[in-house]
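Peer 1: Just passing along the structure, written as structure tokens.
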Amino acid sequence: MTVPLDTLKGLDTCFPSGPELSGAGIAAAMERASERRTASALFAGFRALGLFSNDIPHVVRFSALKRRFYVTTCVGKSFHTYDVQKLSLVAVSNSVPQDICCMAADGRLVFAAYGNVFSAFARNKEIVHTFKGHKAEIHLLQPFGDHIISVDTDSILIIWHIYSEEEYLQLTFDKSVFKISAILHPSTYLNKILLGSEQGSLQLWNVKSNKLLYTFPGWKLGVTALQQAPAVDVVAIGLMSGQVIIHNIKFNETLMKFRQDWGPITSISFRTDGHPVMAAGSPCGHIGLWDLEDKKLINQMRNAHSTAIAGLTFLHREPLLVTNGADNALRIWIFDGPTGEGRLLRFRMGHSAPLTSIRYYGQNGQQILSASQDGTLQSFSTVHEKFNKSLGHGLINKKRVKRKGLQNTMSVRLPPITKFAAEEARESDWDGIIACHQGKLSCSTWNYQKSTIGAYFLKPKEMKKDDITATAVDITSCGNFAVIGLSSGTVDVYNMQSGIHRGSFGKDQAHKGSVRGVAVDGLNQLTVTTGSEGLLKFWNFKNKILIHSVSLSSSPNIMLLHRDSGILGLALDDFSISVLDIETRKIVREFSGHQGQINDMAFSPDGRWLISAAMDCSIRTWDLPSGCLIDCFLLDSAPLNVSMSPTGDFLATSHVDHLGIFLWSNISLYSVVSLRPLPADYVPSVVMLPGTCQTQDVEVSEETVEPSDEMIEYDSPEQLNEQLVTLSLLPESRWKNLLNLDVIKKKNKPKEPPKVPKSAPFFIPTIPGLVPRYAAPEQNNDPQQSKVVNLGVLAQKSDFCLKLEEGLVNNKYDTALNLLKESGPSGIETELRSLSPDCGGSVEVMQSFLKMIGMMLDRKRDFELAQAYLALFLKLHLKMLPSEPVLLEEITNLSSQVEENWTHLQSLFNQSVSVKGK
């Protein structure tokens, strides 16, 4: 044995000494786990950002305990509750299975209908009651004391008792004659409700006696809104024609009429702070304000919302108007001016149209910049809504708008932003965002700190054609330069501080086709551009000289550069992805699998993953080192944009026809995830988009934990293969110092003998061993037992010797080996020393021990223990081995076996050292 035992330090579980392990068992376990996976293994839905309101009218509540008003708005499958005083988010409700179609509230509960079911929510969050009984979709709810009234689209009205969830009364109306479109409980009218219909007539019912009290013929126009006026018996009725009728229902007398030319009345509200003013909403976002004393229009709030006014409510005895609309905005207006016009006091606003591009801003992963088809650029915080801010609309001539004081800026607004690039390095010095607009040649700059459009519009002066547009932008990591690609094939460089043109790549143009992507490396040494003609070009950033050109298999669609690693991702028009190394300028990976156009890509912060989103409604994660697809899941709406957080904790996505940004948490940061390749026939499942609350994450996390649990529960066998040399799992202290035990004992010998304490403390006797165990009390039944020591007890054989003797008969040494494993170094030396005939052992026991070592070497298990035990045995009994022929024969066979194993290991060590040296 020429190799010392120290060489074994650091060796793991196996050395190959024959055919390599196929791994069929592990592969089968992975395949079973892959079959069980029903959702994404890497990403779990977290929550949605940028959602504040939709087309469902809001609900205003007053808390008598806190003396505050609260407003509740619907955002899909859940609703938000805001404190009106600061418009801060107070609560987010648990989500319901379907989108909410109408809401109502009383002093204690919030009611939300979804489909043909509606539920009551307590504390603005959890469901406490659920009411089922309608066959059609519910579209009207009206709280009524301890009861709640619900009306579905088939004009079936049901009155429920809230706490028992039982039906109190059901009324059925003929849709062709009286289809209910509005409902109201008139003030001071006990047990009575007023119903409006699409046919124009109105009915007053006593719901306690189930009687129709009176039918109002109406005005032959559909009723769209009913609202109680501050005066008793007076009701405002909104019609499809845009008329508002102020009607006394006690005497069936019309008091006054108003008319607006903006379409049907969507909502009505009255001021109750001493000013006789009525507000009426319209489908085009305008609000009309009417003076009830002078019976005239006193003001118009034009473009209060960019879409229809879903709901408007004057707060009781306060000059505040709360409005919401389908433009994803909640606004509070205050009426403190002399003209009676409302000014915007507070608001919560997201995008009113689907998003076009999203990107994380900064390195802390807390802000997401998003551009939308509504023409705005906004920043959403992943921490809290109070950090959100809007950079506003881009204006063609900002100074002219300020100088002339234009109220309607629609004519001077820039088209929607299609692509943008941002860099925070010099954001406090000058503009740090560059954006190109739909159908525009010039690119706008934006300032994140000032939250406004910047000072420059960057475009080449010599361009005079109207059909040329900017198609790709990038900004250098230092924030000094912007690179802009045009549809004509030209790529220009501009200075962000001064807006001066700093040159173009190529003599006339960089590409023959439209520029599809531009990127600059982290050190401003290399610029990469790609065009629709299928060429990828590398340029020297400083002198604009072409360095290299690569021909692609298909026309590129998207180009993305990971600056830290120098990895370039290209999405091609044939739905494939190519990955290049910008140092070697060669394609290093190619991925295929998408069945639709790839819309966007994102790299993980460490550059190991490439995440792609396509029109086939799938998001795929590709592992670049292994070149495999490791995750794939489907969505019910095609993803348009993906962006990975710089800290790697979230993936942000935007989707077709959705106004929000959806965050997906990275499971690999807080759970064990097996990054195994997906099989070629893997069929991904559809994952629901996360809501604004986090209750939906439970189902997703349960599904995604399954594969990880299987990997955790997988127990590695004691030996992977019989041809592999396996080490034990014992610590080095059990075997490494067996040969030097006498030296260790000598060093640890106390200088003075231990002194007996004056008063010895009470102690419980223990049994010697590595695991402390208390000794059982001896039963002394014979009081006349002799105190003379029996010397026969001292000569008793140990359990280890007895197991070795049994091994000679049955050839099984596992029990004896386990006894040695459980002993410490001193115990092992004692056991091996007692094997000799002089110490109570025998030659047969020593032969059995050598056979046990041979068994360990044959199995190639506990390799280091076999070497250590054999070395100690030879040290103790080497002198007597030649005198015993049986032991000499056994040790000769064992020597050849040990020499063979070590020769093979030594050759593998030498091979590894030589490979490492090369």
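Chain lettering (A, B, ...) mirrors the order of the structure tokens, residue numbering begins at 1 for each chain separately, and ligand numbering begins at 1 in order of display.
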Excluding Ser88 of chain A and its own-chain neighbours fewer than 2 positions away, which residues fall within 10 Å of it when counting only C-alpha atoms? Please give them as a short mmCIF file (atom, residue, chain, number, x, y, z; two decimals) with all heavy atoms, in the first residue's frame.

Peer 2:
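Produced file part_14.cif, reproduced below:
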data_model
loop_
_atom_site.label_atom_id
_atom_site.label_comp_id
_atom_site.auth_asym_id
_atom_site.auth_seq_id
_atom_site.Cartn_x
_atom_site.Cartn_y
_atom_site.Cartn_z
N TYR A 70 -64.56 54.74 2.60
CA TYR A 70 -63.77 53.77 1.85
C TYR A 70 -64.43 53.52 0.50
O TYR A 70 -65.66 53.48 0.40
CB TYR A 70 -63.64 52.44 2.62
CG TYR A 70 -62.87 52.56 3.92
CD1 TYR A 70 -63.54 52.81 5.12
CD2 TYR A 70 -61.50 52.45 3.94
CE1 TYR A 70 -62.85 52.93 6.31
CE2 TYR A 70 -60.79 52.56 5.14
CZ TYR A 70 -61.47 52.81 6.31
OH TYR A 70 -60.78 52.94 7.48
N THR A 81 -59.91 47.78 -1.78
CA THR A 81 -60.56 48.76 -0.91
C THR A 81 -59.54 49.84 -0.57
O THR A 81 -58.45 49.53 -0.08
CB THR A 81 -61.09 48.10 0.36
OG1 THR A 81 -62.02 47.08 0.01
CG2 THR A 81 -61.78 49.13 1.24
N TYR A 82 -59.89 51.10 -0.86
CA TYR A 82 -59.00 52.24 -0.64
C TYR A 82 -59.59 53.17 0.41
O TYR A 82 -60.81 53.33 0.51
CB TYR A 82 -58.80 53.03 -1.94
CG TYR A 82 -58.11 52.26 -3.04
CD1 TYR A 82 -58.85 51.53 -3.96
CD2 TYR A 82 -56.72 52.27 -3.16
CE1 TYR A 82 -58.23 50.82 -4.97
CE2 TYR A 82 -56.09 51.57 -4.18
CZ TYR A 82 -56.85 50.85 -5.07
OH TYR A 82 -56.23 50.14 -6.08
N ASP A 83 -58.69 53.76 1.17
CA ASP A 83 -59.08 54.81 2.10
C ASP A 83 -59.18 56.11 1.32
O ASP A 83 -58.21 56.55 0.68
CB ASP A 83 -58.02 54.92 3.21
CG ASP A 83 -58.38 55.97 4.24
OD1 ASP A 83 -59.42 56.63 4.08
OD2 ASP A 83 -57.60 56.14 5.19
N VAL A 84 -60.33 56.75 1.32
CA VAL A 84 -60.54 57.94 0.51
C VAL A 84 -59.65 59.09 0.96
O VAL A 84 -59.23 59.92 0.14
CB VAL A 84 -62.04 58.35 0.55
CG1 VAL A 84 -62.26 59.69 -0.16
CG2 VAL A 84 -62.89 57.27 -0.09
N GLN A 85 -59.31 59.15 2.23
CA GLN A 85 -58.55 60.27 2.75
C GLN A 85 -57.18 60.40 2.08
O GLN A 85 -56.75 61.48 1.71
CB GLN A 85 -58.38 60.13 4.26
CG GLN A 85 -57.72 61.34 4.91
CD GLN A 85 -57.71 61.23 6.42
OE1 GLN A 85 -58.24 60.28 6.98
NE2 GLN A 85 -57.12 62.20 7.09
N LYS A 86 -56.49 59.28 1.89
CA LYS A 86 -55.18 59.30 1.23
C LYS A 86 -55.14 58.43 -0.03
O LYS A 86 -54.12 58.37 -0.70
CB LYS A 86 -54.10 58.81 2.20
CG LYS A 86 -53.87 59.72 3.39
CD LYS A 86 -52.73 59.21 4.25
CE LYS A 86 -52.48 60.14 5.43
NZ LYS A 86 -51.36 59.64 6.28
N VAL A 90 -56.14 49.66 1.36
CA VAL A 90 -56.40 49.13 2.69
C VAL A 90 -56.46 47.61 2.67
O VAL A 90 -55.89 46.94 3.54
CB VAL A 90 -57.72 49.70 3.24
CG1 VAL A 90 -58.09 49.05 4.57
CG2 VAL A 90 -57.60 51.20 3.40
N ALA A 91 -57.13 47.04 1.69
CA ALA A 91 -57.31 45.59 1.67
C ALA A 91 -57.50 45.12 0.24
O ALA A 91 -57.99 45.87 -0.62
CB ALA A 91 -58.51 45.18 2.52
N PHE A 347 -55.55 60.39 -7.19
CA PHE A 347 -55.90 59.38 -8.19
C PHE A 347 -54.99 58.17 -8.04
O PHE A 347 -53.89 58.23 -7.51
CB PHE A 347 -55.80 59.95 -9.61
CG PHE A 347 -54.40 60.30 -10.03
CD1 PHE A 347 -53.60 59.39 -10.72
CD2 PHE A 347 -53.87 61.56 -9.74
CE1 PHE A 347 -52.32 59.73 -11.11
CE2 PHE A 347 -52.60 61.90 -10.12
CZ PHE A 347 -51.81 60.98 -10.81
N ARG A 348 -55.50 57.04 -8.51
CA ARG A 348 -54.72 55.82 -8.72
C ARG A 348 -54.99 55.41 -10.16
O ARG A 348 -56.13 55.19 -10.55
CB ARG A 348 -55.15 54.70 -7.76
CG ARG A 348 -54.67 54.92 -6.34
CD ARG A 348 -53.19 54.58 -6.21
NE ARG A 348 -52.72 54.76 -4.83
CZ ARG A 348 -52.15 55.85 -4.38
NH1 ARG A 348 -52.01 56.89 -5.20
NH2 ARG A 348 -51.71 55.94 -3.15
N HIS A 384 -44.60 48.77 -3.18
CA HIS A 384 -45.83 49.40 -2.70
C HIS A 384 -46.34 50.35 -3.77
O HIS A 384 -45.56 50.95 -4.52
CB HIS A 384 -45.58 50.16 -1.40
CG HIS A 384 -46.83 50.49 -0.65
ND1 HIS A 384 -47.60 51.59 -0.95
CD2 HIS A 384 -47.46 49.86 0.37
CE1 HIS A 384 -48.64 51.63 -0.14
NE2 HIS A 384 -48.58 50.59 0.68
N GLU A 385 -47.68 50.50 -3.81
CA GLU A 385 -48.29 51.34 -4.83
C GLU A 385 -47.92 52.81 -4.69
O GLU A 385 -47.98 53.56 -5.66
CB GLU A 385 -49.82 51.19 -4.77
CG GLU A 385 -50.32 49.88 -5.33
CD GLU A 385 -51.83 49.81 -5.31
OE1 GLU A 385 -52.45 50.72 -4.71
OE2 GLU A 385 -52.40 48.88 -5.88
N LYS A 386 -47.54 53.24 -3.48
CA LYS A 386 -47.24 54.66 -3.29
C LYS A 386 -45.98 55.07 -4.04
O LYS A 386 -45.73 56.26 -4.23
CB LYS A 386 -47.09 54.98 -1.81
CG LYS A 386 -45.90 54.32 -1.13
CD LYS A 386 -45.86 54.66 0.35
CE LYS A 386 -44.68 54.00 1.04
NZ LYS A 386 -44.64 54.32 2.49
#

Peer 1: Would you please extract all strand (DSSP E or B) residues from segment 449-564 of chain A, as assigned by DSSP on the backbone, and give them as a ChimeraX atom specification?

Peer 2: /A:452-458,470-475,481-486,491-495,501-504,515-520,526-531,535-540,546-551,556-562

Peer 1: Would you please work out which residue, of A:His129, A:Arg861, A:Arg734, A:His286, is nearest to Glu829 of chain A when using only C-alpha atoms?

Peer 2: A:Arg734
